[in-house]
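Below: the structure, in structure tokens.
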Amino acid sequence: MAFSTVNLTTAPYGSWKSPITGDAVSGATKDLGGTAVDGRGRLIWLEFRPLESGRGVLVLEPENTGGEAVDITPKEFGVRTLAQEYGGGAFTVSGDVIFFANYKDQRLYKQSISSLDEPPVPLTPDYGGPVVSYADGILDTRFNRFLSVREDRRESSLNPPTTIVSIALGSKDVQEPVVLVGGSDFYAFPRLDSKSERIAWIQWNHPNMPWDKTELWVGYISENGEIYKRVCVAGNDPSLVESPTEPKWSSEGELFFITDRENDFWNIHKWQIESENKVVSVYSLEAEFTRPLWTFGVNSYEFVQSSQQLIACSYRQHGKSYLGIVDVEGSKLTVIDFPYTDINNIASGNDCLYVEGASEVLPSSVAKVTFDDDKSKAVDFNIIWSSSPDSIKYSSYISKPELIEFPTEVPGQNAYAYFYPPCNPDFQASEEEKPPLLLKSHGGPTEETRGILNLSIQYWTSRGWAVVDVNYGGSTGYGRAYRERLLRQWGIVDVSDCCSCATYLVDSGKVDKERLCIMGASAGGYTTLAVLAFRNTFQAGASLCGIADLNLLRAETHKFESHYVENLAGGDKQMYERSPINHVDDFSCPIIIFQGLEDKVVPPDQAKKIYQAVKEKGVPVALVEYEGEQHGFRKAENIKNTIEQEMVFFARLIGHFDVADDITPIKIDNFDC
């Protein structure tokens, strides 16, 4: 963005004053936990509120435009499931009734939308603690029951059985759920046809993750509600490597789903001929029509009410999301022009779609999209919910991302990133100075960073930092081949690509080679630690709940990811060699570490071990531990403290500038007397 230089204050990069404060960032980090539509066509969404310690609250769309949204969830409840640790799919709406998982006890409850003065009613037993979790449920009206994925940790928290269970709704007394489908390590997407005569589901087993190899099954339901016959629709052909996901029945009883069997991209398919178990592609495109199943409740496409068989869908191609309408019979895709460049879930309303998305100037939000009669054009776009409704007041401070493609260390292979230059309408730096760089390494690692408005990035750029958010090899959004660059190569490909990206920006003259910083959370924290241990590209780093010991992670992590590390890093020898904790003598630059003390994904001992080892070596280091936080930080005060202390840490140690904010720095070992 270009500004008039007449009234600009000249000051060093990093020292600029910005209205995007730590409070603004922490207050703008409301996360969305899913959307649904009630029987009257009104949107219901789940939002996690940092100012309420991350409590999940279901909210009902206002009756009229400009009206007040209504909180559905009573204050003594919080909507969140711990199934597979990462949760998702914590609520289901059917007509006037909501079924939800309560965070504190993990029980399922039923609540009437029209009678909010009546307390939610428990549907599952009280086991004396949050040891049984439910997710991804669906109402079965034929047998008056609720079907759900269940993770049962009563006997083992490291290897709990996962099943699809039936929960009776007609009894006055809470009954023990009955297992409907079991035997595999994992299940997701139990979905009934309109007559409740068939149920589809996804299942997979160790050592696979759901983006590696899964199976789609259909079960036929008897008169007494049991499954009497099963058919594997996709995923059992040894000649195909595929990961089917998101099964969904049309009103006519046809089964659709998404898989990557033909072109290595997740595309929409259809169970064409049931008697022959034949599957056909609905529309083929080298683009991703879904995202990796880290959480339950992914909903990337919906059937559109029309005289034709139409599917509204989102897909991702070359770092951008698109909204499309697929004509199933004509195998035709119409791209809809609308403001979002990033799309997550879609929910179908009355003659409209509710779309979760964002763009480079719009924060994460939900929009109501109305189409013309032909369903070929969006005629109305109205934002119903925003993670940061105040962000518009920072518009002149917003740095817009540039998608960059840079060469990796493998000849002929490129990787991708979003580059955000410094941006502030009140300041400029001297012509001879180049900005410091903060490189962000995303978590997962089988995940994708996206070029959208995120105040936690704008916090840095508006103060005079350049930021680059890297989609290293192994990231999603670019097909299976790109995703599988990281197999057996974690700690090598991601490390190399992050270093290559920083070098590319230095060589392009965009950043200061003497002030390169790296940060990441979870798996991104591992990449950060590995970069600092094995390379000399960066001058400082920050790890948020980062992994330091791969063998310890494999031994202590939860069931969902218990074989993931082996897939990514290999055997014991490779894991030892690529674990930063075993190479503390190679750490030579400052690092700050943040850790939640209730983290079940990355045990807190890992943070303490890396901190102690670096401290004993004499390298500047700081450790910040948060009581009551799990994997990732949900409380506003901790979100604020983390970004502020990162900023001050980098400024004091490698920045060569004073920050404009009044922040009391924490003690840095081997630096502060």
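Residue numbers start at 1 in each chain; chains themselves are named A, B, ... in the order of the structure tokens; ligands are numbered from 1 in the order shown.
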
Task: Contacts of Pro604 (chain A) at 12 Å (only C-alpha atoms; same-chain gap of 3+ positions) as a PyMOL selection string - done: chain A and resi 522+544-549+552-553+556-557+593-601+607-611+623-627+629-631

Open item on the list: as a PyMOL selection string, please: the residues near Ile666 (chain A) (cut-off 9 Å, only C-alpha atoms, same-chain neighbours under 6 positions excluded).
Closed with: chain A and resi 622+624+645+648-649

Would you write out those residues with C-alpha atoms, as a PDB file, in the first residue's frame?
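Saved file again.pdb follows:
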```pdb
ATOM      1  CA  ALA A 622      12.930 -17.622  28.350  1.00  0.00           C
ATOM      2  CA  VAL A 624       6.503 -18.907  29.817  1.00  0.00           C
ATOM      3  CA  GLN A 645       6.519 -10.987  24.929  1.00  0.00           C
ATOM      4  CA  VAL A 648       9.829  -7.523  23.143  1.00  0.00           C
ATOM      5  CA  PHE A 649      12.084 -10.602  23.198  1.00  0.00           C
TER       6      PHE A 649
END
```

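For the set A:Glu433, A:Asp658, A:Glu447, A:Asp136, the residue with the smallest atom-to-atom gap to Gly509 (chain A) is A:Glu433, counting only C-alpha atoms.
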
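Residues lying within 12 Å of Arg153 (chain A), counting only C-alpha atoms and ignoring same-chain neighbours fewer than 3 positions away, are Leu82, Ala83, Gln84, Glu85, Gln106, Tyr127, Gly129, Pro130, Val131, Val132, Ser133, Tyr134, Arg150, Ser156, Ser157, Leu158, Asn159, Pro160, Pro161, Thr162, Thr163, His558 and Lys559 of chain A.
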
Given the selection you just returned, output its residues as a file containing N, CA and C atoms, formatted as an mmCIF file, in the first residue's frame.
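Generated file (selection24.cif):
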```cif
data_model
loop_
_atom_site.group_PDB
_atom_site.id
_atom_site.type_symbol
_atom_site.label_atom_id
_atom_site.label_comp_id
_atom_site.auth_asym_id
_atom_site.auth_seq_id
_atom_site.Cartn_x
_atom_site.Cartn_y
_atom_site.Cartn_z
ATOM 1 N N LEU A 82 -13.885 -33.310 23.408
ATOM 2 C CA LEU A 82 -12.463 -33.654 23.421
ATOM 3 C C LEU A 82 -12.187 -34.926 22.624
ATOM 4 N N ALA A 83 -13.144 -35.372 21.831
ATOM 5 C CA ALA A 83 -12.936 -36.559 21.007
ATOM 6 C C ALA A 83 -11.744 -36.350 20.079
ATOM 7 N N GLN A 84 -10.853 -37.321 20.069
ATOM 8 C CA GLN A 84 -9.610 -37.239 19.288
ATOM 9 C C GLN A 84 -8.790 -36.013 19.645
ATOM 10 N N GLU A 85 -8.967 -35.497 20.848
ATOM 11 C CA GLU A 85 -8.239 -34.361 21.416
ATOM 12 C C GLU A 85 -8.577 -33.041 20.747
ATOM 13 N N GLN A 106 -18.191 -33.689 29.403
ATOM 14 C CA GLN A 106 -18.143 -34.372 28.102
ATOM 15 C C GLN A 106 -19.401 -35.192 27.801
ATOM 16 N N TYR A 127 -20.134 -40.467 34.113
ATOM 17 C CA TYR A 127 -19.107 -41.431 34.483
ATOM 18 C C TYR A 127 -18.172 -40.903 35.564
ATOM 19 N N GLY A 129 -16.559 -38.074 35.542
ATOM 20 C CA GLY A 129 -15.506 -37.225 34.993
ATOM 21 C C GLY A 129 -15.584 -37.220 33.480
ATOM 22 N N PRO A 130 -14.798 -36.379 32.831
ATOM 23 C CA PRO A 130 -14.862 -36.243 31.362
ATOM 24 C C PRO A 130 -14.080 -37.337 30.636
ATOM 25 N N VAL A 131 -14.494 -38.588 30.803
ATOM 26 C CA VAL A 131 -13.719 -39.713 30.276
ATOM 27 C C VAL A 131 -14.321 -40.324 29.017
ATOM 28 N N VAL A 132 -15.526 -39.918 28.653
ATOM 29 C CA VAL A 132 -16.161 -40.413 27.426
ATOM 30 C C VAL A 132 -16.627 -39.205 26.607
ATOM 31 N N SER A 133 -16.186 -39.148 25.356
ATOM 32 C CA SER A 133 -16.501 -37.991 24.512
ATOM 33 C C SER A 133 -17.299 -38.414 23.286
ATOM 34 N N TYR A 134 -18.130 -37.489 22.802
ATOM 35 C CA TYR A 134 -18.991 -37.738 21.653
ATOM 36 C C TYR A 134 -18.797 -36.632 20.614
ATOM 37 N N ARG A 150 -18.118 -42.089 19.335
ATOM 38 C CA ARG A 150 -17.784 -42.059 20.754
ATOM 39 C C ARG A 150 -16.337 -42.479 20.964
ATOM 40 N N SER A 156 -8.510 -46.679 29.129
ATOM 41 C CA SER A 156 -7.201 -46.240 28.633
ATOM 42 C C SER A 156 -7.333 -44.874 27.983
ATOM 43 N N SER A 157 -6.481 -43.961 28.393
ATOM 44 C CA SER A 157 -6.472 -42.643 27.757
ATOM 45 C C SER A 157 -5.527 -42.612 26.566
ATOM 46 N N LEU A 158 -4.573 -43.554 26.516
ATOM 47 C CA LEU A 158 -3.627 -43.588 25.401
ATOM 48 C C LEU A 158 -4.170 -44.349 24.204
ATOM 49 N N ASN A 159 -5.025 -45.357 24.452
ATOM 50 C CA ASN A 159 -5.578 -46.136 23.345
ATOM 51 C C ASN A 159 -7.066 -46.413 23.566
ATOM 52 N N PRO A 160 -7.875 -45.366 23.628
ATOM 53 C CA PRO A 160 -9.306 -45.552 23.875
ATOM 54 C C PRO A 160 -10.017 -46.071 22.638
ATOM 55 N N PRO A 161 -10.966 -47.005 22.802
ATOM 56 C CA PRO A 161 -11.729 -47.470 21.635
ATOM 57 C C PRO A 161 -12.651 -46.375 21.100
ATOM 58 N N THR A 162 -12.732 -46.295 19.785
ATOM 59 C CA THR A 162 -13.634 -45.369 19.111
ATOM 60 C C THR A 162 -14.674 -46.181 18.354
ATOM 61 N N THR A 163 -15.940 -45.821 18.505
ATOM 62 C CA THR A 163 -17.032 -46.549 17.874
ATOM 63 C C THR A 163 -18.106 -45.561 17.423
ATOM 64 N N HIS A 558 -1.594 -38.603 22.205
ATOM 65 C CA HIS A 558 -2.901 -39.255 22.196
ATOM 66 C C HIS A 558 -3.041 -40.201 21.009
ATOM 67 N N LYS A 559 -4.100 -41.008 21.045
ATOM 68 C CA LYS A 559 -4.291 -42.095 20.082
ATOM 69 C C LYS A 559 -4.304 -41.611 18.634
#
```

TODO: Give the helix (DSSP H, G or I) residues of region 3-237 of chain A, as assigned by DSSP on the backbone, as a PyMOL selection string.
DONE: chain A and resi 22-27+50-52

Can you list every residue of region 200-282 of chain A that has an atom at most 10 Å from region 565-581 of chain A, with its nearest atom pair and the distance in Å to one decimal, using only C-alpha atoms, ordered by chain then number, as a Markdown table?
```
| residue | atom | partner | partner_atom | distance |
| --- | --- | --- | --- | --- |
| A:Pro207 | CA | A:Asn567 | CA | 7.5 |
| A:Asn208 | CA | A:Asn567 | CA | 8.1 |
| A:Met209 | CA | A:Asn567 | CA | 8.9 |
| A:Asp212 | CA | A:Asn567 | CA | 9.8 |
```
